[in-house]
Structures are given as structure tokens and as C-alpha cells.
Amino acid sequence: MDKRVNQKAWLLVLPVLVLVAFSAVIPLMTVVNYSVQDSFGNNQFFWVGLEWFKETLASERIRDALGRQFMFTLIILAIEVPLGILVALNMPKKGFWASVCLVLMALPLLIPWNVVGTIWQIFGRVDIGLLGYTLDALGFDYNYTQDALDAWITIIVMDVWHWTSLVALLAYAGLQSIPEAYYQAAKIDQASRWKVFRFIELPKMSGVLTIAILLRFMDSFKIYTEPFVVTGGGPGNSTTLLSIDLVKMALGQFDLGPAAAFSIIYFLIILLVSWVFFTVMTNLDKEEGPK
Amino acid sequence: MAQITLANLAHSYLPNPSGEADFALKEMNHVWTDGEAYALLGSSGCGKTTLLNIISGLLRPSQGRVFFGDTDVTDMTTADRNIAQVFQFPVVYDTMTVRENLAFPLKNRGAPKDYVQQRVAEICRMIDMEDQLDRKARGLTADAKQKISLGRGMVREDVNAILFDEPLTVIDPHMKWELRTQLKELHQRFGHTMIYVTHDQTEALTFADKVVVMSEGRVVQIGTPEELFETPEHTFVGYFIGSPGMNVLDATVEGGSARVGAHEVPLAGRYDGLTGHVQIGIRPEFAHLSESEGLPVTIKRVEDVGRHKIVRADHEGTEINIIAAEGAEIGADQRRVVFDPDRVNVYADAWRVPPTSMGRAA
């Protein structure tokens, strides 16, 4: 029997295509368009080919920002993931205090980015901020507006404060899904606390942790508002991360072409790292699975 | 290996139990002989698993003591009690290989390497997984995982007891037989005390030396499969064991005979001074259709189950089941049922009453 072909079905997909084109494809293509042209006043554009891409890849300023960005992301991942797991392991499993913990943990996640930035900007000030003033009074030479290391510590602590609870909540959900029998079996097998973590909790959490790491990687790699509010990228360029640099270039200097090329490279880096990470994690799973 | 003693044991999941109804496990005193295979049998929610977890130490009883041999283990941890337990659903360490899974309990206790190797090889042969030894446990089928759990439960030779909590629920029927047979063999070879929780009577009766029947938090009878079949101590045992279960009829009993309504049922022994709610119980295997004597019944239907026929009959609103031989003719004029007198048990308030003397009075 022949299958009946009905091309009218395409009509059903049309609304989605129009929406996606309007909200994603066309804006992205506009950026692509800018990235291969040079612009002058009076809306004059000249074709420059891949010139901006070459320039971006060769630019020391952008390389430095990229380096700072990777360093920032690696540091916050290295702190937030283990810390989140540790918090999740120590949260009560049920009852009144479990709910209290959940609400408290969710609070930082509900605060808008620039409010978080403002909180820490004030909190860390040496003249009126609780943290800055206290540290200063205790004799620490702390000033995030003048010292690069202090600025870094401030934005890292801020990010950890803001986002560790996301990792903790995801890890907690993973832990909650482990049946009680596993812990009972471990007791009977006389497994140590470390072995319970290593052979029961960690494997059972691996799925949610993959997601947590992916989310934290992407979000921290794109971070803009909070460090911008706190340090504005300074002192000097010491906390100028990729997004801050991009905005400076696109809106501060109005270099549309280079900024567009920069954006595309930026986007591709995030896509590539996420893809590699995700593929590695899921393949690890598959290798152990049925053949 | 040890004899297990439960002294005044009771358990409630509530912090301040007030009445007997609050107890998931009613007070009990039992001694379970070293080296025997016990099956804990009862319907869901009767306290089987609670009792098992108390013995294994995963749960501390709210009242009473547990002894292994002469040692009071009530406050000991599970690990110190040196028992093994297999759970209803497979518990395997996903990231370990089958071999590492089996070796885990031994390694944690610091057993020497060649001993571990030898035990793992033995267990592996028993659960028939030699060709999968070096595979990761993740991704194996539920059967295979449960076999690993069973293997881990049996890998230690020096355990005081091995406890099984409905371990074969997830296993394929043909594999069930095989594993149960292997467990039984293992029991005969090493003589571990085994406690096996199940709600499947066939499983209990084929596995155990002694079956412990539980109902509503109480142990109603501990006995060999034969005892449970012939002399159920409680009407619940009668219902629960056997397929179909025992027929129970309200009756009055005087001396050597019982009266069901207006009809007399002869008994093998004498019973005097019965009080409470009196019933007689008779297994369907010992009831026979007859044309002339016995209780009048209406036959509702006849089920042919292959080996024999089950006759579902009704006597004044009470169902009576009769097992008839496969070849037996069931005629339209067989309107009565007779019971073998020496197979009739008498119950007062659901508990069996032994006869005061045997032999019928003249």
C-alpha cells in the first residue's frame, strides 16, 4: 500500500517557524551581517570579509578577557560544585527543617542580578559597607575598588553566595531520589561514610550534577550584571570579563563589526564547551550501560 | 551462627503508643533455632518487614530485647550484628563491576585477597554470572542485579544469619525456582540461619523448615508446612495457607460432635466447655460431595484447574470449597457435603482448641 503524502502538514509548523525566525534567527543573522562589514556614518557599510574575526582572534585585549573569563568560571565551578554537594549532604532529609532549608536556599536565586550586585557593592565598601568596614576595622587591607585581588575575591564570593544554592538544590533532589535500601545495604556491607558517598551518592547524583555544572558553566561564562555593578570591570581591566568587554566595545565604542564578530566567537565557545562536556558525560554513562 | 531470641519484643512507629492498635508489632516471645530456614509469611502490612528490620538492626524495637545466642544485640549496629540482608529491590553499586560488587562486603571487613577471590568465584558460579564478572553493574537487567544482591548477601561465610526481604519479587518465574533451589542448597551446605520474608505461600512452604505466619502484627503460628496445613492454629492460617483456603463454619460444639445450623458434623475428638465464638474448620481437600449424608449445599460452579477440580458450593450463605479428583463425576444429585472427622479443627475466637480427649464418646 502506498503511503499518502500530504504536504499540508508543513502549514502546521509555520507559526513556530515564523516565531523562531522573528525572535532568534533574524537577530542572529543581523549580527552575522555586521560581523562581515565595516560601518561608517550615514549607514554606509563596506564588505570586509573575515577581517573582524581575524582581528578579534588576534586581539590581546580580547584574549586577556577570555583568559579572565575562563579563570573566573573555573574558580566558581571548583568552589560551587563541591560546596553545593556538601551543603546538600548536610541538609535534613525531611520534616520542618527540610522545608526551612529549601526556602532559605532558594532565596538568593530569587534576587535579581543587579540587586545582588548592588547588595555586594555596598556590603563590600570600606566606608559604609558592613563587610568592608569590618574587615578594615580588623586590620585587613581590603579595598575592592583599588586592589585587583580584593576585587576578584569579592566577585567570586558574590557568585558563590548567589549560585551555590542552585547546585545544592539540584544535588539535594538527586540525593532524595536514592531509596533507603541502598543506605541499609551499605550499613550491612560495612561501607564507610566515604564509600557510601563514592559508590552510592555520587553515582546517583551524576545526572543532576551534569546539569548543574552545565548550567553554572553557561551562566558564569555569560556573567555581566553583577561584576559590572560591583567593580565596573576594574580596577583597571582586572575584572573585565567577556560580556563586560563586549558591551564596552559594542555600546561604548560603537564598533559594531568587531563586536559582532566577538559575539559570534563568544557564542561558539559556549556552545563548543557545553557540547564537549555533555558528550563526554553522556558517553561515560553509555559505556557502562548495556551494549 | 546463632540462635535468635526475641524477648517481649514489640514495636510501634509512634513516639507514644497508647493502645495495642498503635503497635505495628504486638508483644512476642520466640526462640528461633540456630541453622534453620524460616519463612515469615503474611499479607502486606502485617509487620513482616518490621520484624525483619528489627532482627537486622536497621530498626530499634520500642520494647523488648533481641538476642543472638547469649549476646544482647538490641543496641548493636547492623554491622556489629554480623548479618547479611537482601532487599526486595536490587541494590547494587552501579559504578562497580560485578566482581567488585561481590567483593565489597569482604573487602570492607579487611578479608585477605586470595580469600576474597576464592569466595567471589564460588558465589559467581552459584548465581551463574561468571561471564559477566567484569562488567559494570549499571545497565544490567533487574534479574541480574538482584542476583548480585543475593550474591553479596551470601558472600560472607561467618554471618550470624542471612535475611531476605521478598528477594525474588523482581525475578522471572523460571529463575525464581532456580534461585530458590540454590538458596535451599546453600542452606543445607553451610547451615546458616535464614529468615525469608514473603507473601507468597508457595515460596514460603518450599523454602523453609519452619514457616512463621503473621497477621496484624502478631505471629499466629510457627510450624512446619505440614503443621500449617493440617492443624492451623488460627483461622487466619487456615485461610492464608492452601488454595483455596480452609472452610470455616460457625458451629456449636458439644462433646464429640458439632452442629452447623440444624445439621450434625461428627468430630474425631471430644471438646468440652468451649466458650466464645465457636467455629469448625476443614480443608477443601478433606471435604467430599455426597448424595445422602452431610450438610446440604448448592453448587455454584466447578473450576477445573488441571490436577483437580474445585467445587464452589454454598451452605446457607457460607461458601464451602471442595476439592474433587480430576476424574470425579459431579452429579446433579450430589447435594450434600461430608467432612473427614479426623481432619476437622475446632476454633474458639479464631484460635484452635485441641480436643480434651481423642476418640468419640459412645
# chains A, B, ... in the order shown; residues from 1 in each chain; ligands from 1
$ residues_around --residues "Arg312 in chain B" --least-positions-apart "3" --cutoff "10 Å" --atoms "only C-alpha atoms" --output "list in words"
Pro244, Pro284, Val297, Thr298, Ile299, Lys300, Arg301, Val302, Glu303, Lys309, Glu319, Ile320, Asn321, Ile322 and Ile323 of chain B
$ residues_around --residues "Arg216 in chain A" --least-positions-apart "3" --cutoff "8 Å" --atoms "only C-alpha atoms" --output "list in words"
Leu77, Trp163, Ala212, Ile213, Asp219 and Ser220 of chain A
$ interface_residues --of "chain B" --to "chain A" --cutoff "12 Å" --atoms "only C-alpha atoms" --output "VMD selection string"
chain B and resid 53 56 to 59 77 to 98 100 to 110 132 134 to 141 149 to 150 152 to 156 159 161 to 165
$ residues_around --residues "Tyr347 in chain B" --least-positions-apart "6" --cutoff "10 Å" --atoms "only C-alpha atoms" --output "PDB file with N, CA and C atoms, in the first residue's frame"
ATOM      1  N   PRO B 232      -3.959 -25.767  61.408  1.00  0.00           N
ATOM      2  CA  PRO B 232      -3.764 -24.317  61.511  1.00  0.00           C
ATOM      3  C   PRO B 232      -4.185 -23.856  62.906  1.00  0.00           C
ATOM      4  N   GLU B 233      -3.307 -23.125  63.592  1.00  0.00           N
ATOM      5  CA  GLU B 233      -3.601 -22.713  64.968  1.00  0.00           C
ATOM      6  C   GLU B 233      -4.589 -21.551  65.014  1.00  0.00           C
ATOM      7  N   HIS B 234      -4.778 -20.898  63.884  1.00  0.00           N
ATOM      8  CA  HIS B 234      -5.632 -19.710  63.860  1.00  0.00           C
ATOM      9  C   HIS B 234      -6.391 -19.766  62.536  1.00  0.00           C
ATOM     10  N   THR B 235      -7.612 -19.286  62.535  1.00  0.00           N
ATOM     11  CA  THR B 235      -8.375 -19.366  61.282  1.00  0.00           C
ATOM     12  C   THR B 235      -7.674 -18.609  60.162  1.00  0.00           C
ATOM     13  N   VAL B 248     -14.367 -22.342  56.861  1.00  0.00           N
ATOM     14  CA  VAL B 248     -14.657 -22.083  58.275  1.00  0.00           C
ATOM     15  C   VAL B 248     -16.159 -21.867  58.425  1.00  0.00           C
ATOM     16  N   LEU B 249     -16.771 -22.648  59.335  1.00  0.00           N
ATOM     17  CA  LEU B 249     -18.225 -22.572  59.514  1.00  0.00           C
ATOM     18  C   LEU B 249     -18.538 -22.296  60.975  1.00  0.00           C
ATOM     19  N   ASP B 250     -19.497 -21.402  61.209  1.00  0.00           N
ATOM     20  CA  ASP B 250     -19.966 -21.169  62.576  1.00  0.00           C
ATOM     21  C   ASP B 250     -20.653 -22.439  63.062  1.00  0.00           C
ATOM     22  N   ALA B 251     -20.406 -22.824  64.319  1.00  0.00           N
ATOM     23  CA  ALA B 251     -20.961 -24.076  64.807  1.00  0.00           C
ATOM     24  C   ALA B 251     -21.103 -24.027  66.317  1.00  0.00           C
ATOM     25  N   VAL B 253     -20.310 -26.695  69.463  1.00  0.00           N
ATOM     26  CA  VAL B 253     -19.638 -27.973  69.647  1.00  0.00           C
ATOM     27  C   VAL B 253     -19.965 -28.499  71.035  1.00  0.00           C
ATOM     28  N   LEU B 274     -16.458 -25.264  75.739  1.00  0.00           N
ATOM     29  CA  LEU B 274     -15.986 -24.222  74.829  1.00  0.00           C
ATOM     30  C   LEU B 274     -16.742 -22.928  75.083  1.00  0.00           C
ATOM     31  N   THR B 275     -16.017 -21.813  75.068  1.00  0.00           N
ATOM     32  CA  THR B 275     -16.669 -20.518  75.187  1.00  0.00           C
ATOM     33  C   THR B 275     -16.265 -19.652  74.008  1.00  0.00           C
ATOM     34  N   GLY B 276     -16.958 -18.521  73.860  1.00  0.00           N
ATOM     35  CA  GLY B 276     -16.621 -17.581  72.791  1.00  0.00           C
ATOM     36  C   GLY B 276     -17.258 -17.986  71.481  1.00  0.00           C
ATOM     37  N   HIS B 277     -16.717 -17.403  70.403  1.00  0.00           N
ATOM     38  CA  HIS B 277     -17.236 -17.636  69.063  1.00  0.00           C
ATOM     39  C   HIS B 277     -16.661 -18.949  68.529  1.00  0.00           C
ATOM     40  N   VAL B 278     -17.500 -19.988  68.439  1.00  0.00           N
ATOM     41  CA  VAL B 278     -17.003 -21.310  68.067  1.00  0.00           C
ATOM     42  C   VAL B 278     -17.183 -21.553  66.568  1.00  0.00           C
ATOM     43  N   GLN B 279     -16.128 -22.048  65.952  1.00  0.00           N
ATOM     44  CA  GLN B 279     -16.187 -22.361  64.525  1.00  0.00           C
ATOM     45  C   GLN B 279     -15.508 -23.700  64.283  1.00  0.00           C
ATOM     46  N   ILE B 280     -15.859 -24.333  63.191  1.00  0.00           N
ATOM     47  CA  ILE B 280     -15.092 -25.507  62.790  1.00  0.00           C
ATOM     48  C   ILE B 280     -14.425 -25.197  61.450  1.00  0.00           C
ATOM     49  N   GLY B 281     -13.244 -25.780  61.263  1.00  0.00           N
ATOM     50  CA  GLY B 281     -12.508 -25.537  60.031  1.00  0.00           C
ATOM     51  C   GLY B 281     -12.165 -26.847  59.368  1.00  0.00           C
ATOM     52  N   VAL B 353      -8.672 -24.997  69.224  1.00  0.00           N
ATOM     53  CA  VAL B 353      -8.798 -25.645  70.523  1.00  0.00           C
ATOM     54  C   VAL B 353      -8.441 -27.120  70.342  1.00  0.00           C
ATOM     55  N   PRO B 354      -7.476 -27.624  71.116  1.00  0.00           N
ATOM     56  CA  PRO B 354      -7.168 -29.052  70.986  1.00  0.00           C
ATOM     57  C   PRO B 354      -8.272 -29.861  71.661  1.00  0.00           C
TER      58      PRO B 354
END
$ closest_residue --among "A:Leu242, A:Val230, A:Ala250, A:Ala98" --to "Asp64 in chain A" --atoms "only C-alpha atoms"
A:Leu242
$ residues_around --residues "Ser290 in chain B" --least-positions-apart "3" --cutoff "12 Å" --atoms "only C-alpha atoms" --output "NGL selection string"
:B and (287 or 293-297 or 322 or 324 or 328-339)
$ select_by_dssp --residues "range 18-186 of chain A" --states "strand (DSSP E)" --output "MDAnalysis selection string"
chainID A and resid 37:40 44:47
$ write_last_selection --atoms "N, CA and C atoms" --output "PDB file, in the first residue's frame"
ATOM      1  N   GLN A  37      31.057  43.287   7.875  1.00  0.00           N
ATOM      2  CA  GLN A  37      31.059  44.596   7.227  1.00  0.00           C
ATOM      3  C   GLN A  37      31.676  45.643   8.133  1.00  0.00           C
ATOM      4  N   ASP A  38      32.139  46.722   7.503  1.00  0.00           N
ATOM      5  CA  ASP A  38      32.585  47.863   8.281  1.00  0.00           C
ATOM      6  C   ASP A  38      31.531  48.944   8.121  1.00  0.00           C
ATOM      7  N   SER A  39      31.282  49.692   9.188  1.00  0.00           N
ATOM      8  CA  SER A  39      30.206  50.684   9.107  1.00  0.00           C
ATOM      9  C   SER A  39      30.751  52.091   9.306  1.00  0.00           C
ATOM     10  N   PHE A  40      30.190  52.991   8.580  1.00  0.00           N
ATOM     11  CA  PHE A  40      30.535  54.410   8.752  1.00  0.00           C
ATOM     12  C   PHE A  40      29.255  55.176   9.014  1.00  0.00           C
ATOM     13  N   GLN A  44      26.514  53.775   6.080  1.00  0.00           N
ATOM     14  CA  GLN A  44      27.286  53.221   4.962  1.00  0.00           C
ATOM     15  C   GLN A  44      27.994  51.964   5.427  1.00  0.00           C
ATOM     16  N   PHE A  45      27.883  50.894   4.639  1.00  0.00           N
ATOM     17  CA  PHE A  45      28.508  49.630   5.018  1.00  0.00           C
ATOM     18  C   PHE A  45      29.439  49.158   3.915  1.00  0.00           C
ATOM     19  N   PHE A  46      30.568  48.586   4.327  1.00  0.00           N
ATOM     20  CA  PHE A  46      31.504  48.031   3.344  1.00  0.00           C
ATOM     21  C   PHE A  46      31.821  46.603   3.708  1.00  0.00           C
ATOM     22  N   TRP A  47      31.876  45.759   2.741  1.00  0.00           N
ATOM     23  CA  TRP A  47      32.206  44.344   2.928  1.00  0.00           C
ATOM     24  C   TRP A  47      33.657  44.198   3.339  1.00  0.00           C
TER      25      TRP A  47
END
$ residues_around --residues "Gly233 in chain A" --least-positions-apart "3" --cutoff "12 Å" --atoms "only C-alpha atoms" --output "PyMOL selection string"
chain A and resi 65+68-69+144-146+148+151-152+155+223-230+236-248
$ residues_around --residues "range 46-49 of chain B" --least-positions-apart "5" --cutoff "10 Å" --atoms "only C-alpha atoms" --output "list in words"
His11, Phe23, Ala24, Leu25, Lys26, Ala39, Leu40, Leu41, Ile54, Ile55, Phe164, Asp165, Glu166, Tyr196, Val197, Thr198, His199, Val212, Val213, Met214, Ser215, Glu216, Gly217, Arg218 and Val219 of chain B
$ residues_around --residues "Asp342 in chain B" --least-positions-apart "5" --cutoff "12 Å" --atoms "only C-alpha atoms" --output "ChimeraX atom specification"
/B:230-231,256-257,265-270,281-283,286-287,355,358-360
$ select_by_dssp --residues "range 2-233 of chain A" --states "alpha helix (DSSP H)" --output "mmCIF file with C-alpha atoms, in the first residue's frame"
data_model
loop_
_atom_site.group_PDB
_atom_site.id
_atom_site.type_symbol
_atom_site.label_atom_id
_atom_site.label_comp_id
_atom_site.auth_asym_id
_atom_site.auth_seq_id
_atom_site.Cartn_x
_atom_site.Cartn_y
_atom_site.Cartn_z
ATOM 1 C CA ALA A 9 1.308 19.312 7.391
ATOM 2 C CA TRP A 10 4.046 21.909 6.849
ATOM 3 C CA LEU A 11 1.442 24.578 7.410
ATOM 4 C CA LEU A 12 1.141 23.425 10.999
ATOM 5 C CA VAL A 13 4.821 24.096 11.597
ATOM 6 C CA LEU A 14 4.656 27.530 10.044
ATOM 7 C CA PRO A 15 3.674 29.548 13.159
ATOM 8 C CA VAL A 16 6.624 28.132 15.072
ATOM 9 C CA LEU A 17 8.994 28.824 12.209
ATOM 10 C CA VAL A 18 7.803 32.417 11.965
ATOM 11 C CA LEU A 19 8.177 32.938 15.724
ATOM 12 C CA VAL A 20 11.643 31.414 15.876
ATOM 13 C CA ILE A 26 16.844 37.117 12.112
ATOM 14 C CA PRO A 27 18.533 38.899 15.069
ATOM 15 C CA LEU A 28 21.381 36.385 14.911
ATOM 16 C CA MET A 29 21.719 36.908 11.174
ATOM 17 C CA THR A 30 21.827 40.665 11.746
ATOM 18 C CA VAL A 31 24.829 40.089 13.984
ATOM 19 C CA VAL A 32 26.386 37.876 11.320
ATOM 20 C CA ASN A 33 25.718 40.633 8.829
ATOM 21 C CA TYR A 34 27.504 43.232 10.968
ATOM 22 C CA SER A 35 30.408 40.907 11.557
ATOM 23 C CA GLU A 51 38.695 40.695 8.732
ATOM 24 C CA TRP A 52 36.934 41.307 12.052
ATOM 25 C CA PHE A 53 37.173 37.666 13.012
ATOM 26 C CA LYS A 54 40.926 37.650 12.363
ATOM 27 C CA GLU A 55 41.279 40.834 14.323
ATOM 28 C CA THR A 56 39.223 39.523 17.230
ATOM 29 C CA LEU A 57 41.166 36.288 17.433
ATOM 30 C CA ALA A 58 44.442 38.184 17.327
ATOM 31 C CA GLU A 60 45.317 40.835 23.004
ATOM 32 C CA ARG A 61 42.571 42.682 24.805
ATOM 33 C CA ILE A 62 40.022 40.002 23.950
ATOM 34 C CA ARG A 63 42.405 37.185 24.722
ATOM 35 C CA ASP A 64 43.018 38.666 28.137
ATOM 36 C CA ALA A 65 39.285 38.945 28.757
ATOM 37 C CA LEU A 66 38.839 35.348 27.617
ATOM 38 C CA GLY A 67 41.567 34.216 29.981
ATOM 39 C CA ARG A 68 39.981 36.089 32.868
ATOM 40 C CA GLN A 69 36.622 34.598 31.912
ATOM 41 C CA PHE A 70 37.905 31.025 31.958
ATOM 42 C CA MET A 71 39.670 31.637 35.229
ATOM 43 C CA PHE A 72 36.516 33.073 36.785
ATOM 44 C CA THR A 73 34.341 30.198 35.578
ATOM 45 C CA LEU A 74 36.793 27.520 36.679
ATOM 46 C CA ILE A 75 37.207 29.050 40.111
ATOM 47 C CA ILE A 76 33.489 29.388 40.782
ATOM 48 C CA LEU A 77 32.812 25.847 39.483
ATOM 49 C CA ALA A 78 35.593 24.482 41.661
ATOM 50 C CA ILE A 79 34.029 26.155 44.682
ATOM 51 C CA GLU A 80 30.305 25.920 43.987
ATOM 52 C CA VAL A 81 30.065 22.264 42.920
ATOM 53 C CA PRO A 82 31.825 20.666 45.916
ATOM 54 C CA LEU A 83 30.308 23.216 48.284
ATOM 55 C CA GLY A 84 26.817 22.624 46.863
ATOM 56 C CA ILE A 85 27.209 18.862 47.288
ATOM 57 C CA LEU A 86 28.479 19.332 50.821
ATOM 58 C CA VAL A 87 25.513 21.538 51.699
ATOM 59 C CA ALA A 88 23.075 19.065 50.115
ATOM 60 C CA LEU A 89 24.592 16.172 52.079
ATOM 61 C CA ASN A 90 24.083 18.033 55.317
ATOM 62 C CA PHE A 96 10.041 21.021 59.183
ATOM 63 C CA TRP A 97 13.726 21.944 58.923
ATOM 64 C CA ALA A 98 13.992 20.457 55.445
ATOM 65 C CA SER A 99 11.354 22.935 54.253
ATOM 66 C CA VAL A 100 13.051 25.813 56.076
ATOM 67 C CA CYS A 101 16.368 24.912 54.423
ATOM 68 C CA LEU A 102 14.773 24.698 50.990
ATOM 69 C CA VAL A 103 13.205 28.140 51.314
ATOM 70 C CA LEU A 104 16.425 29.687 52.618
ATOM 71 C CA MET A 105 18.412 28.088 49.822
ATOM 72 C CA ALA A 106 16.005 29.340 47.197
ATOM 73 C CA LEU A 107 16.169 32.960 48.419
ATOM 74 C CA PRO A 108 19.418 34.049 46.704
ATOM 75 C CA LEU A 109 18.125 32.561 43.460
ATOM 76 C CA LEU A 110 15.092 34.837 43.568
ATOM 77 C CA TRP A 113 21.157 40.143 39.247
ATOM 78 C CA ASN A 114 21.652 43.863 39.599
ATOM 79 C CA VAL A 115 20.195 43.789 43.110
ATOM 80 C CA VAL A 116 22.748 41.135 44.037
ATOM 81 C CA GLY A 117 25.401 43.380 42.535
ATOM 82 C CA THR A 118 24.172 46.386 44.466
ATOM 83 C CA ILE A 119 23.978 44.429 47.722
ATOM 84 C CA TRP A 120 27.611 43.368 47.402
ATOM 85 C CA GLN A 121 28.745 46.700 46.079
ATOM 86 C CA ILE A 122 27.504 48.326 49.281
ATOM 87 C CA PHE A 123 28.335 45.378 51.540
ATOM 88 C CA LEU A 130 29.300 46.067 56.772
ATOM 89 C CA LEU A 131 31.828 43.651 55.298
ATOM 90 C CA GLY A 132 34.317 46.215 54.047
ATOM 91 C CA TYR A 133 34.165 48.262 57.225
ATOM 92 C CA THR A 134 34.526 45.217 59.472
ATOM 93 C CA LEU A 135 37.467 43.851 57.526
ATOM 94 C CA ASP A 136 39.098 47.241 57.565
ATOM 95 C CA ALA A 137 38.500 47.638 61.286
ATOM 96 C CA ALA A 148 42.664 43.628 41.845
ATOM 97 C CA LEU A 149 42.888 40.607 44.140
ATOM 98 C CA ASP A 150 40.290 42.064 46.513
ATOM 99 C CA ALA A 151 38.006 42.778 43.548
ATOM 100 C CA TRP A 152 38.365 39.180 42.350
ATOM 101 C CA ILE A 153 37.700 37.772 45.798
ATOM 102 C CA THR A 154 34.620 39.960 46.084
ATOM 103 C CA ILE A 155 33.025 38.924 42.801
ATOM 104 C CA ILE A 156 33.852 35.259 43.386
ATOM 105 C CA VAL A 157 32.390 35.261 46.890
ATOM 106 C CA MET A 158 29.365 37.078 45.488
ATOM 107 C CA ASP A 159 28.820 34.461 42.790
ATOM 108 C CA VAL A 160 29.277 31.648 45.286
ATOM 109 C CA TRP A 161 26.762 33.350 47.574
ATOM 110 C CA HIS A 162 24.328 33.780 44.707
ATOM 111 C CA TRP A 163 24.544 30.430 42.938
ATOM 112 C CA THR A 164 25.818 27.687 45.262
ATOM 113 C CA SER A 165 22.268 27.046 46.360
ATOM 114 C CA LEU A 166 21.296 26.111 42.799
ATOM 115 C CA VAL A 167 23.895 23.335 42.823
ATOM 116 C CA ALA A 168 22.862 22.383 46.350
ATOM 117 C CA LEU A 169 19.181 22.163 45.431
ATOM 118 C CA LEU A 170 19.879 20.025 42.381
ATOM 119 C CA ALA A 171 22.222 17.756 44.342
ATOM 120 C CA TYR A 172 19.630 17.561 47.125
ATOM 121 C CA ALA A 173 16.990 16.435 44.618
ATOM 122 C CA GLY A 174 19.408 13.761 43.402
ATOM 123 C CA LEU A 175 20.065 12.584 46.945
ATOM 124 C CA GLN A 176 16.365 12.467 47.800
ATOM 125 C CA GLU A 180 16.548 3.934 51.704
ATOM 126 C CA ALA A 181 17.507 0.317 50.933
ATOM 127 C CA TYR A 182 20.824 1.499 49.464
ATOM 128 C CA TYR A 183 21.872 3.028 52.759
ATOM 129 C CA GLN A 184 20.690 -0.032 54.648
ATOM 130 C CA ALA A 185 22.620 -2.322 52.325
ATOM 131 C CA ALA A 186 25.707 -0.159 52.769
ATOM 132 C CA LYS A 187 25.404 -0.454 56.542
ATOM 133 C CA ILE A 188 25.181 -4.215 56.254
ATOM 134 C CA ARG A 193 30.874 7.108 55.064
ATOM 135 C CA TRP A 194 33.287 7.926 52.261
ATOM 136 C CA LYS A 195 32.389 4.749 50.382
ATOM 137 C CA VAL A 196 28.687 5.471 50.741
ATOM 138 C CA LEU A 202 27.881 10.335 43.799
ATOM 139 C CA PRO A 203 26.824 7.877 41.041
ATOM 140 C CA LYS A 204 23.160 8.514 41.780
ATOM 141 C CA MET A 205 23.760 12.267 41.631
ATOM 142 C CA SER A 206 25.802 12.216 38.453
ATOM 143 C CA GLY A 207 22.829 13.050 36.230
ATOM 144 C CA VAL A 208 21.739 16.162 38.109
ATOM 145 C CA LEU A 209 25.336 17.207 38.676
ATOM 146 C CA THR A 210 25.934 17.163 34.923
ATOM 147 C CA ILE A 211 23.039 19.546 34.542
ATOM 148 C CA ALA A 212 24.186 21.689 37.466
ATOM 149 C CA ILE A 213 27.707 22.012 36.031
ATOM 150 C CA LEU A 214 26.361 22.806 32.562
ATOM 151 C CA LEU A 215 24.037 25.489 33.913
ATOM 152 C CA ARG A 216 26.706 27.010 36.104
ATOM 153 C CA PHE A 217 29.240 26.933 33.278
ATOM 154 C CA MET A 218 26.961 28.676 30.810
ATOM 155 C CA ASP A 219 25.640 31.216 33.281
ATOM 156 C CA SER A 220 29.000 32.123 34.747
ATOM 157 C CA PHE A 221 30.570 32.334 31.314
ATOM 158 C CA THR A 225 25.460 42.420 35.576
ATOM 159 C CA GLU A 226 26.817 41.545 38.991
ATOM 160 C CA PRO A 227 30.540 42.220 38.433
ATOM 161 C CA PHE A 228 29.629 45.244 36.338
ATOM 162 C CA VAL A 229 27.612 46.731 39.213
ATOM 163 C CA VAL A 230 30.280 45.916 41.807
#
$ decode --residues "range 98-120 of chain B" --atoms "C-alpha atoms" --output "PDB file, in the first residue's frame"
ATOM      1  CA  VAL B  98      30.016  -7.392  39.226  1.00  0.00           C
ATOM      2  CA  ARG B  99      33.230  -8.707  40.781  1.00  0.00           C
ATOM      3  CA  GLU B 100      33.765  -5.568  42.863  1.00  0.00           C
ATOM      4  CA  ASN B 101      30.155  -5.681  43.999  1.00  0.00           C
ATOM      5  CA  LEU B 102      30.528  -9.224  45.266  1.00  0.00           C
ATOM      6  CA  ALA B 103      33.857  -8.490  46.917  1.00  0.00           C
ATOM      7  CA  PHE B 104      32.676  -5.280  48.595  1.00  0.00           C
ATOM      8  CA  PRO B 105      31.375  -6.712  51.925  1.00  0.00           C
ATOM      9  CA  LEU B 106      34.513  -8.799  52.335  1.00  0.00           C
ATOM     10  CA  LYS B 107      36.936  -6.009  51.455  1.00  0.00           C
ATOM     11  CA  ASN B 108      35.235  -3.619  53.857  1.00  0.00           C
ATOM     12  CA  ARG B 109      35.933  -6.116  56.605  1.00  0.00           C
ATOM     13  CA  GLY B 110      39.546  -6.443  55.575  1.00  0.00           C
ATOM     14  CA  ALA B 111      39.480 -10.031  54.327  1.00  0.00           C
ATOM     15  CA  PRO B 112      42.716 -11.325  52.725  1.00  0.00           C
ATOM     16  CA  LYS B 113      42.938 -11.007  48.966  1.00  0.00           C
ATOM     17  CA  ASP B 114      43.054 -14.665  47.922  1.00  0.00           C
ATOM     18  CA  TYR B 115      40.140 -15.454  50.221  1.00  0.00           C
ATOM     19  CA  VAL B 116      38.075 -12.704  48.611  1.00  0.00           C
ATOM     20  CA  GLN B 117      38.965 -14.027  45.194  1.00  0.00           C
ATOM     21  CA  GLN B 118      38.008 -17.559  46.054  1.00  0.00           C
ATOM     22  CA  ARG B 119      34.667 -16.551  47.608  1.00  0.00           C
ATOM     23  CA  VAL B 120      33.757 -14.304  44.689  1.00  0.00           C
TER      24      VAL B 120
END
